[in-house]
Amino acid sequence: MRTMPWEWIWAAILTASLFLLIFFAVRSEVTCRFEIKRRGEDDYLSFQIRALFGLLSYQFEVPVLFMKNGRLQIQTEKEKHQIAGENQQSGRQKISFERALEFYQRLKLLRLHTDHFTTWLLHTLRRFRITAWDWNTSIGTGEAAWTAIATGQIWAIQTSLLGGLSHFIHLQSMPRMAVRPVYNHVYFSTDLLCIAKIRFGYAMLAGLHLLVRIRRVKGGLSVWQNILFKA
C-alpha cells in the first residue's frame, strides 16, 4: 500500500485551512457604531467600523461643533485607521460650512456617475441589522407648559425617524428611547447610540455590485477615483 507523500498532506492541510479562513471571514460581521451627544454647549460625534474580528477598523470622532464668525465649524479631534494591527492617526483639523457643502456636492456627483445608485443603496441597507438603538433626550424651556409641548414634539421626531429607518433596515433588538422634561430651568441634552451589523460576505458583494454599476456609466470610474483621492 502506497503512502501519501508529505507534500500532498501539507498541501491538503493548507488548502483546508484556507477554505476555513475564507468561510469564517465571509461569515464574520462588519460592525458600524454611530454615537452622537449634545449636552449644553458640548457636542460629540463618533463613527466606527470594525471588520474581520477587529483586524480592520476605522474611527472618526468630532468632539466640537461650534459657530465662529457666522460660520459653522467642526473641529476634528481624532481619525484612526487600523489595518492588521498597524495604527494610523491624523491630526486635528477644522471643517467649515463651505467644506461640508463641497462634500455634499461630491456625494451628489458620485450618485450621478453610478447606475441606479439609490437602488443599490436601498438593497444594501436591507442587509444591515440594527442591534442597538438607544436615544435619550432631556429638555427644559424654563416654563412648564412649553416644556411639555417641546417634550411631545421631540418624542414625535424621534419615533418618526426610527419608524422611517425601520423601513430600510431590520431592527433586530428592541429600541430604547426616552424624552425627559426638565421643568425648573432651560436645558437640553441628547444621547444617541446606534449599532448596525452586516455580514462581511454581503459587504464584499455589495462592493462588487457597486463597482459594476460605476463602470456602466461613462467616466464613472475616473470620477470616483478623482473624488476619493481628493478626499
# chains A, B, ... in the order shown; residues from 1 in each chain; ligands from 1

call {"tool": "residues_around", "arguments": {"residues": "A:Arg33", "least_positions_apart": "4", "cutoff": "9 Å", "atoms": "only C-alpha atoms", "output": "PyMOL selection string"}}
result
chain A and resi 46-50+193-197

call {"tool": "residues_around", "arguments": {"residues": "stretch 156-164 of chain A", "least_positions_apart": "4", "cutoff": "12 Å", "atoms": "only C-alpha atoms", "output": "list in words"}}
result
Ile130, Trp133, Asp134, Trp135, Asn136, Thr137, Ile149, Ala150, Thr151, Gly152, Phe168, Ile169, His170, Leu171, Met174, Pro175, Arg176, Met177, Ala178, Val179, Thr190, Asp191, Leu192 and Cys194 of chain A

call {"tool": "closest_residue", "arguments": {"among": "A:Gln172, A:Thr147, A:Gln225, A:Gln153", "to": "A:Tyr187", "atoms": "only C-alpha atoms"}}
result
A:Thr147

call {"tool": "closest_residue", "arguments": {"among": "A:Leu121, A:Leu228, A:Leu56, A:Leu165", "to": "A:Gly207", "atoms": "only C-alpha atoms"}}
result
A:Leu121

call {"tool": "select_by_dssp", "arguments": {"residues": "stretch 104-154 of chain A", "states": "helix (DSSP H, G or I)", "output": "ChimeraX atom specification"}}
result
/A:104-112,117-125,144-154

call {"tool": "write_last_selection", "arguments": {"atoms": "C-alpha atoms", "output": "PDB file, in the first residue's frame"}}
result
ATOM      1  CA  TYR A 104     -22.299  67.155  -0.320  1.00  0.00           C
ATOM      2  CA  GLN A 105     -21.620  68.167  -3.919  1.00  0.00           C
ATOM      3  CA  ARG A 106     -19.096  65.356  -4.226  1.00  0.00           C
ATOM      4  CA  LEU A 107     -21.612  62.830  -2.970  1.00  0.00           C
ATOM      5  CA  LYS A 108     -24.126  64.136  -5.484  1.00  0.00           C
ATOM      6  CA  LEU A 109     -21.565  63.770  -8.271  1.00  0.00           C
ATOM      7  CA  LEU A 110     -20.827  60.189  -7.214  1.00  0.00           C
ATOM      8  CA  ARG A 111     -24.533  59.384  -7.322  1.00  0.00           C
ATOM      9  CA  LEU A 112     -24.863  60.793 -10.832  1.00  0.00           C
ATOM     10  CA  PHE A 117     -27.209  54.315  -7.076  1.00  0.00           C
ATOM     11  CA  THR A 118     -30.363  54.667  -4.937  1.00  0.00           C
ATOM     12  CA  THR A 119     -31.449  51.126  -5.833  1.00  0.00           C
ATOM     13  CA  TRP A 120     -28.045  49.783  -4.816  1.00  0.00           C
ATOM     14  CA  LEU A 121     -28.094  51.769  -1.565  1.00  0.00           C
ATOM     15  CA  LEU A 122     -31.561  50.586  -0.508  1.00  0.00           C
ATOM     16  CA  HIS A 123     -30.724  46.981  -1.357  1.00  0.00           C
ATOM     17  CA  THR A 124     -27.531  47.215   0.698  1.00  0.00           C
ATOM     18  CA  LEU A 125     -29.285  48.832   3.672  1.00  0.00           C
ATOM     19  CA  ALA A 144     -43.770  74.044  32.406  1.00  0.00           C
ATOM     20  CA  ALA A 145     -46.316  74.408  29.585  1.00  0.00           C
ATOM     21  CA  TRP A 146     -43.741  74.971  26.850  1.00  0.00           C
ATOM     22  CA  THR A 147     -41.570  72.205  28.255  1.00  0.00           C
ATOM     23  CA  ALA A 148     -44.459  69.742  27.990  1.00  0.00           C
ATOM     24  CA  ILE A 149     -45.116  70.804  24.368  1.00  0.00           C
ATOM     25  CA  ALA A 150     -41.440  70.541  23.434  1.00  0.00           C
ATOM     26  CA  THR A 151     -41.226  67.106  25.065  1.00  0.00           C
ATOM     27  CA  GLY A 152     -44.106  65.824  22.945  1.00  0.00           C
ATOM     28  CA  GLN A 153     -42.646  67.285  19.753  1.00  0.00           C
ATOM     29  CA  ILE A 154     -39.226  65.748  20.333  1.00  0.00           C
TER      30      ILE A 154
END

call {"tool": "atom_distance", "arguments": {"atom1": "atom CA of A:Ala12", "atom2": "atom CA of A:Arg27"}}
result
22.4 Å

call {"tool": "atom_distance", "arguments": {"atom1": "atom CA of A:Ala51", "atom2": "atom CA of A:Phe200"}}
result
7.3 Å

call {"tool": "atom_distance", "arguments": {"atom1": "atom CA of A:Phe23", "atom2": "atom CA of A:Ala203"}}
result
14.4 Å

call {"tool": "closest_residue", "arguments": {"among": "A:Glu143, A:Glu102, A:Glu61, A:Asp115", "to": "A:Glu35", "atoms": "only C-alpha atoms"}}
result
A:Glu61
